[in-house]
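data-v6.tsv follows; it contains TSV, C-alpha atoms.
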```tsv
chain	number	residue	atom	x	y	z
V	69	MET	CA	-7.75	-17.79	-18.50
V	70	LYS	CA	-7.75	-15.25	-21.36
V	71	ARG	CA	-9.22	-12.65	-19.01
V	72	LEU	CA	-6.49	-13.35	-16.44
V	73	VAL	CA	-3.72	-13.05	-19.05
V	74	PHE	CA	-5.19	-9.75	-20.26
V	75	LEU	CA	-5.45	-8.42	-16.71
V	76	LEU	CA	-1.87	-9.35	-15.89
V	77	ALA	CA	-0.59	-7.74	-19.08
V	78	PHE	CA	-2.49	-4.58	-18.21
V	79	VAL	CA	-1.30	-4.28	-14.62
V	80	LEU	CA	2.31	-5.11	-15.47
V	81	ALA	CA	2.38	-2.34	-18.05
V	82	ALA	CA	0.54	0.04	-15.76
V	83	CYS	CA	2.76	-0.41	-12.70
V	84	GLY	CA	6.04	-0.14	-14.56
V	85	GLY	CA	7.15	-3.61	-13.47
V	86	GLY	CA	8.47	-4.79	-16.80
V	87	GLY	CA	12.15	-5.13	-15.89
V	88	GLY	CA	14.07	-1.85	-16.21
V	89	GLY	CA	14.08	-0.01	-12.93
V	90	SER	CA	17.73	0.83	-13.37
V	91	GLY	CA	17.29	4.25	-11.83
V	92	SER	CA	18.60	6.08	-14.89
V	93	GLY	CA	18.10	9.76	-14.24
V	94	ALA	CA	17.10	9.10	-10.63
V	95	GLY	CA	16.12	12.26	-8.85
V	96	ALA	CA	15.31	14.18	-12.00
V	97	GLY	CA	11.83	15.57	-12.31
V	98	PHE	CA	10.65	14.53	-8.85
V	99	ALA	CA	9.09	17.27	-6.75
V	100	LEU	CA	7.88	17.22	-3.19
V	101	PRO	CA	4.12	16.75	-2.85
V	102	PRO	CA	2.05	19.80	-2.00
V	103	ALA	CA	1.67	20.71	1.63
V	104	ALA	CA	-1.27	19.04	3.32
V	105	SER	CA	-4.33	21.24	3.49
V	106	ALA	CA	-6.57	21.39	6.53
V	107	PRO	CA	-9.25	18.67	6.54
V	108	PRO	CA	-12.85	19.80	5.98
V	109	LYS	CA	-14.60	20.90	9.14
V	110	GLY	CA	-16.59	18.11	10.68
V	111	ALA	CA	-14.61	15.43	8.86
V	112	GLY	CA	-14.49	12.20	10.79
V	113	PRO	CA	-15.21	8.50	10.59
V	114	THR	CA	-18.82	7.56	10.00
V	115	TYR	CA	-18.43	3.95	11.16
V	116	ALA	CA	-15.99	2.50	13.69
V	117	CYS	CA	-15.08	-0.60	11.65
V	118	SER	CA	-14.32	1.10	8.34
V	119	VAL	CA	-11.15	1.22	6.26
V	120	VAL	CA	-10.12	2.70	2.92
V	121	ILE	CA	-7.17	1.12	1.11
V	122	TYR	CA	-4.79	2.90	-1.27
V	123	GLY	CA	-2.23	1.10	-3.38
V	124	ASP	CA	-1.00	0.02	-6.79
V	125	SER	CA	-1.65	-3.18	-8.75
V	126	ILE	CA	0.11	-5.31	-6.14
V	127	GLN	CA	-2.54	-4.26	-3.63
V	128	ALA	CA	-5.40	-4.11	-6.13
V	129	LEU	CA	-4.92	-7.73	-7.23
V	130	GLN	CA	-5.33	-8.97	-3.65
V	131	GLY	CA	-9.09	-8.40	-3.69
V	132	ALA	CA	-8.75	-7.25	-0.09
V	133	LYS	CA	-12.26	-5.85	0.18
V	134	GLY	CA	-13.96	-9.19	-0.44
V	135	VAL	CA	-11.56	-11.16	1.73
V	136	ILE	CA	-11.69	-8.81	4.71
V	137	GLU	CA	-15.47	-8.42	4.63
V	138	ALA	CA	-15.92	-12.18	4.36
V	139	LYS	CA	-13.61	-12.97	7.29
V	140	ARG	CA	-14.48	-9.94	9.41
V	141	PRO	CA	-18.18	-9.15	8.70
V	142	LYS	CA	-18.17	-6.04	10.87
V	143	TRP	CA	-15.73	-4.28	8.55
V	144	ARG	CA	-16.74	-1.98	5.74
V	145	VAL	CA	-13.94	-1.74	3.22
V	146	GLU	CA	-13.40	0.75	0.41
V	147	ASP	CA	-10.64	-0.35	-1.96
V	148	ARG	CA	-9.09	2.58	-3.85
V	149	ALA	CA	-5.99	0.68	-5.02
V	150	VAL	CA	-5.38	1.32	-8.71
V	151	ALA	CA	-2.78	-0.28	-10.98
V	152	GLY	CA	0.13	1.99	-11.78
V	153	THR	CA	-0.38	4.43	-8.91
V	154	THR	CA	3.02	5.55	-7.66
V	155	LEU	CA	3.44	7.28	-4.32
V	156	MET	CA	4.26	10.46	-6.23
V	157	MET	CA	0.95	10.22	-8.10
V	158	LEU	CA	-0.96	9.57	-4.89
V	159	SER	CA	0.71	12.57	-3.27
V	160	GLN	CA	-0.77	14.84	-5.92
V	161	THR	CA	-4.38	13.79	-5.25
V	162	PHE	CA	-4.57	12.43	-1.72
V	163	PHE	CA	-4.94	15.67	0.19
V	164	ALA	CA	-7.98	16.82	-1.78
V	165	GLU	CA	-9.86	13.51	-1.57
V	166	ALA	CA	-12.86	13.04	0.71
V	167	ARG	CA	-12.73	10.12	3.11
V	168	SER	CA	-15.10	8.81	5.76
V	169	ALA	CA	-13.29	5.65	6.95
V	170	ARG	CA	-11.78	5.40	10.41
V	171	PHE	CA	-8.61	3.70	9.11
V	172	VAL	CA	-6.56	4.60	6.03
V	173	VAL	CA	-4.19	1.99	4.56
V	174	ILE	CA	-1.34	3.05	2.24
V	175	GLU	CA	0.62	0.48	0.21
V	176	ASN	CA	2.13	2.69	-2.54
V	177	GLY	CA	5.85	3.30	-2.96
V	178	ALA	CA	7.48	0.17	-4.37
V	179	ILE	CA	7.23	1.53	-7.92
V	180	ASP	CA	8.88	4.76	-6.79
V	181	ALA	CA	11.73	2.71	-5.34
V	182	TRP	CA	12.17	0.81	-8.62
V	183	GLN	CA	12.20	4.10	-10.51
V	184	GLY	CA	14.83	5.63	-8.27
V	185	VAL	CA	12.75	8.40	-6.75
V	186	PRO	CA	15.06	9.85	-4.04
V	187	ILE	CA	14.44	8.15	-0.72
V	188	GLY	CA	14.09	11.51	1.01
V	189	VAL	CA	11.20	12.40	-1.28
V	190	VAL	CA	9.50	9.06	-0.60
V	191	LEU	CA	9.84	9.40	3.17
V	192	ASP	CA	8.72	13.03	3.13
V	193	SER	CA	5.68	12.06	1.07
V	194	TYR	CA	4.75	9.37	3.60
V	195	THR	CA	5.24	11.80	6.47
V	196	ARG	CA	2.88	14.32	4.89
V	197	ILE	CA	0.28	11.67	4.10
V	198	VAL	CA	0.17	10.05	7.55
V	199	ASP	CA	0.19	13.45	9.26
V	200	HIS	CA	-2.72	14.52	7.06
V	201	VAL	CA	-4.64	11.35	7.89
V	202	ARG	CA	-4.20	12.07	11.59
V	203	GLY	CA	-5.27	15.64	10.98
V	204	GLU	CA	-8.53	14.21	9.65
V	205	GLU	CA	-8.87	12.34	12.96
V	206	ARG	CA	-8.35	9.00	11.25
V	207	THR	CA	-5.75	6.30	11.85
V	208	PRO	CA	-3.08	5.60	9.21
V	209	ILE	CA	-1.78	2.10	8.50
V	210	VAL	CA	1.25	1.58	6.25
V	211	THR	CA	1.84	-1.84	4.69
V	212	GLY	CA	5.40	-1.59	3.47
V	213	PHE	CA	6.38	-3.33	0.24
V	214	SER	CA	5.93	-6.93	-0.85
V	215	HIS	CA	8.82	-8.73	-2.57
V	216	GLN	CA	9.79	-8.82	-6.23
V	217	ARG	CA	12.21	-11.02	-8.15
V	218	PRO	CA	14.29	-11.03	-11.37
V	219	PRO	CA	14.01	-10.16	-14.20
V	220	LEU	CA	13.21	-6.92	-12.38
V	221	ALA	CA	16.61	-5.19	-12.33
V	222	PRO	CA	18.84	-6.05	-9.34
V	223	ASP	CA	19.32	-2.38	-8.41
V	224	ALA	CA	15.55	-1.86	-8.42
V	225	ILE	CA	15.11	-4.82	-6.08
V	226	ALA	CA	17.89	-3.50	-3.84
V	227	ARG	CA	16.18	-0.12	-3.64
V	228	ARG	CA	12.94	-1.85	-2.71
V	229	ASP	CA	14.73	-3.46	0.22
V	230	HIS	CA	16.45	-0.25	1.33
V	231	TYR	CA	13.38	1.96	1.00
V	232	ASN	CA	11.18	-0.54	2.80
V	233	GLY	CA	13.59	-0.68	5.74
V	234	ALA	CA	13.74	3.10	5.96
V	235	LEU	CA	9.96	3.34	5.77
V	236	LYS	CA	9.59	0.80	8.58
V	237	THR	CA	11.93	2.86	10.76
V	238	LEU	CA	10.08	6.09	9.98
V	239	MET	CA	6.68	4.60	10.82
V	240	ALA	CA	8.03	3.23	14.10
V	241	SER	CA	9.27	6.70	15.02
V	242	LYS	CA	5.82	8.13	14.26
V	243	ASN	CA	3.99	5.31	16.06
V	244	VAL	CA	2.13	4.36	12.88
V	245	ALA	CA	0.89	0.77	12.51
V	246	PHE	CA	3.13	-1.02	10.00
V	247	ALA	CA	1.85	-4.24	8.42
V	248	ASP	CA	5.37	-5.16	7.24
V	249	TYR	CA	4.45	-6.91	4.00
V	250	GLY	CA	8.17	-7.59	3.57
V	251	THR	CA	8.13	-10.16	6.39
V	252	VAL	CA	5.22	-12.18	4.98
V	253	THR	CA	6.33	-15.65	3.87
V	254	TYR	CA	7.48	-15.34	0.26
V	255	ASP	CA	8.34	-17.81	-2.48
V	256	PRO	CA	9.49	-16.32	-5.83
V	257	LEU	CA	7.64	-19.08	-7.64
V	258	GLU	CA	4.37	-17.69	-6.25
V	259	LEU	CA	4.63	-14.52	-8.33
V	260	PHE	CA	2.77	-14.24	-11.65
V	261	ASP	CA	5.74	-12.32	-13.02
V	262	GLU	CA	8.61	-10.41	-11.43
V	263	VAL	CA	6.25	-8.10	-9.56
V	264	HIS	CA	2.71	-9.35	-8.92
V	265	PRO	CA	1.84	-11.88	-6.17
V	266	GLY	CA	-0.08	-14.95	-7.22
V	267	PRO	CA	-3.13	-16.12	-5.24
V	268	ALA	CA	-1.26	-17.82	-2.37
V	269	TYR	CA	1.15	-14.95	-1.73
V	270	ALA	CA	-1.57	-12.33	-2.22
V	271	GLY	CA	-3.74	-14.21	0.25
V	272	ARG	CA	-1.02	-14.13	2.90
V	273	LEU	CA	-0.51	-10.39	2.36
V	274	THR	CA	-4.20	-9.79	2.96
V	275	GLU	CA	-4.09	-12.02	6.02
V	276	ARG	CA	-1.30	-9.84	7.38
V	277	LEU	CA	-3.43	-6.76	6.82
V	278	ILE	CA	-6.29	-8.44	8.68
V	279	GLU	CA	-3.92	-9.18	11.58
V	280	ILE	CA	-3.08	-5.48	11.81
V	281	LEU	CA	-6.73	-4.47	11.63
V	282	ASP	CA	-7.47	-6.92	14.46
V	283	LYS	CA	-4.77	-5.25	16.56
V	284	VAL	CA	-5.82	-1.66	15.95
V	285	ALA	CA	-9.56	-2.37	16.23
V	286	PRO	CA	-10.16	-5.60	18.20
V	287	GLU	CA	-13.78	-4.61	18.65
V	288	CYS	CA	-14.28	-5.19	14.92
V	289	ASN	CA	-13.30	-8.86	15.14
V	290	PRO	CA	-16.40	-10.77	16.28
```
Representation of the structure as C-alpha cells:
Amino acid sequence: MKRLVFLLAFVLAACGGGGGGSGSGAGAGFALPPAASAPPKGAGPTYACSVVIYGDSIQALQGAKGVIEAKRPKWRVEDRAVAGTTLMMLSQTFFAEARSARFVVIENGAIDAWQGVPIGVVLDSYTRIVDHVRGEERTPIVTGFSHQRPPLAPDAIARRDHYNGALKTLMASKNVAFADYGTVTYDPLELFDEVHPGPAYAGRLTERLIEILDKVAPECNP
C-alpha cells in the first residue's frame, strides 16, 4: 500500500493533474513541433503482431504490455508510456526515435488540453506524428482521452472534452484507427484521484485497446 501511495503521488505530480488547469496564459510559449524527418532507409516492422505504445501516466498505469501479451499471446508489446509526457514533449523526441513495431499507439494530449495548449497546435502535432508513422510504413492508432473529474478545474475538463472530439474528427478524416477511450464505461468513483483510472477503469481502457488491435490485425488474435 505504501508503494502504491508513493507511485500515485509521483504520477500525479508528474502529469500535472493536481487541480489547476485553468489555462492561464494559454497559447504562450507553445511552438509547433519540428517537421517530420524522413524515416531511416529500410525501416519497417520486424514482426507482424508488434505494437509500441506512447502515453502519459494514465496510459502507463494500465500495465497494457502485460495484459495484452497475456490475453493475446501472439502480440509483442513495447510500452513507452511515461508519466508526465505531454503531446508537446513527445513531439520534440518522436521523430528521431527508432521503432520496429508494426503498430504505433499514441495516447498523449489530455495534459496539453488541461494546460490550454491551443487546439490547433495539438491537432497539427497529431497530424505530423501519424503522417510520420505512415512514412515509416507502420500503422498509427490513436486512443483519444480518458475521463477526468473534479477537483480538476472545470475549464480543464471542458477542454478535454472539446479537444477529444476534435481529435476524433481529425483521425476519422485521416482514416486512422481511433480507440475512443472517451466512450469506455466510466464511473468517477473508479479514479484514484481526479485524473488517474483505478484498476477497473484502467482494465476497461486496455480492453478497448485490445478490441482495436483485434480489428486492425485479426491474424494476431488466436
inquiry  = Report, in Å to a single decimal, how far apart CA of Pro208 (chain V) and CA of Leu273 (chain V) are.
reply    =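 CA of Leu273 (chain V) sits 17.6 Å away from CA of Pro208 (chain V).
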Return as JSON lines the residues of region 155-232 of chain V lying at most 12 Å from region 277-289 of chain V, together with the closest atom-to-atom pair for each and the distance in Å to one decimal, counting all atoms listed in the file, with rows in chain order and ascending residue number.
```
{"residue": "V:Arg170", "atom": "CA", "partner": "V:Ala285", "partner_atom": "CA", "distance": 10.0}
{"residue": "V:Phe171", "atom": "CA", "partner": "V:Leu281", "partner_atom": "CA", "distance": 8.8}
{"residue": "V:Val172", "atom": "CA", "partner": "V:Leu281", "partner_atom": "CA", "distance": 10.7}
{"residue": "V:Val173", "atom": "CA", "partner": "V:Leu277", "partner_atom": "CA", "distance": 9.1}
{"residue": "V:Ile174", "atom": "CA", "partner": "V:Leu277", "partner_atom": "CA", "distance": 11.0}
{"residue": "V:Glu175", "atom": "CA", "partner": "V:Leu277", "partner_atom": "CA", "distance": 10.6}
{"residue": "V:Arg206", "atom": "CA", "partner": "V:Val284", "partner_atom": "CA", "distance": 11.9}
{"residue": "V:Thr207", "atom": "CA", "partner": "V:Val284", "partner_atom": "CA", "distance": 9.0}
{"residue": "V:Pro208", "atom": "CA", "partner": "V:Val284", "partner_atom": "CA", "distance": 10.3}
{"residue": "V:Ile209", "atom": "CA", "partner": "V:Ile280", "partner_atom": "CA", "distance": 8.4}
{"residue": "V:Val210", "atom": "CA", "partner": "V:Leu277", "partner_atom": "CA", "distance": 9.6}
{"residue": "V:Thr211", "atom": "CA", "partner": "V:Leu277", "partner_atom": "CA", "distance": 7.5}
{"residue": "V:Gly212", "atom": "CA", "partner": "V:Leu277", "partner_atom": "CA", "distance": 10.8}
```
query = Which is closer to Leu191 (chain V) than all the others in V:Lys242, V:Lys133, V:Arg272, V:Arg167, using only C-alpha atoms?
reply = V:Lys242
task = Figure out the distance between CA of Ala169 (chain V) and CA of Val119 (chain V), please, to one decimal in Å.
result =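 Spanning CA of Val119 (chain V) to CA of Ala169 (chain V) is a straight-line distance of 5.0 Å.
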query = For the atom pair CA of Ile225 (chain V) and CA of Trp182 (chain V), what is the interatomic distance in Å to one decimal place?
reply =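 Distance reported for this atom pair: 6.8 Å.
Minimum distance to Thr251 (chain V) across V:Met157, V:Ala234, V:Pro265, V:Phe213 (counting only C-alpha atoms) occurs at V:Phe213.
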request  = Select all residues near (-15.3, -10.5, 5.7) (cut-off 12 Å, inclusive, file coordinates), counting only C-alpha atoms, and output them as a PyMOL selection string.
outcome  = chain V and resi 117-118+131-145+274-275+278+288-290
ask   = Of the candidates V:Ala149, V:His230, V:Val252, V:Val201, which one gets nearest to Gly188 (chain V) if we count only C-alpha atoms?
value = V:His230
note = One residue among V:Ala128, V:Glu258, V:Leu220, V:Thr161 is nearest to Ile197 (chain V) when using all atoms listed in the file, and that residue is V:Thr161
task = Could you check which of V:Glu205, V:Asp192, V:Ala268, V:Pro222 is closest to Met239 (chain V), using only C-alpha atoms?
result =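 Smallest distance to Met239 (chain V) is found for V:Asp192.
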ask   = Taking into account all atoms listed in the file, which residue in the set V:Ala245, V:Val263, V:Met156, V:Val150 is nearest to Pro186 (chain V)?
value =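 Of the candidates, the smallest distance to Pro186 (chain V) is held by V:Met156.
Residues of protein, DNA or RNA having at least one counted atom within 12 Å of (12.0, -14.0, -8.1), given all atoms listed in the file, are V:Gly87, V:Ser214, V:His215, V:Gln216, V:Arg217, V:Pro218, V:Pro219, V:Leu220, V:Ala221, V:Pro222, V:Ile225, V:Tyr254, V:Asp255, V:Pro256, V:Leu257, V:Glu258, V:Leu259, V:Phe260, V:Asp261, V:Glu262, V:Val263, V:His264, V:Pro265.
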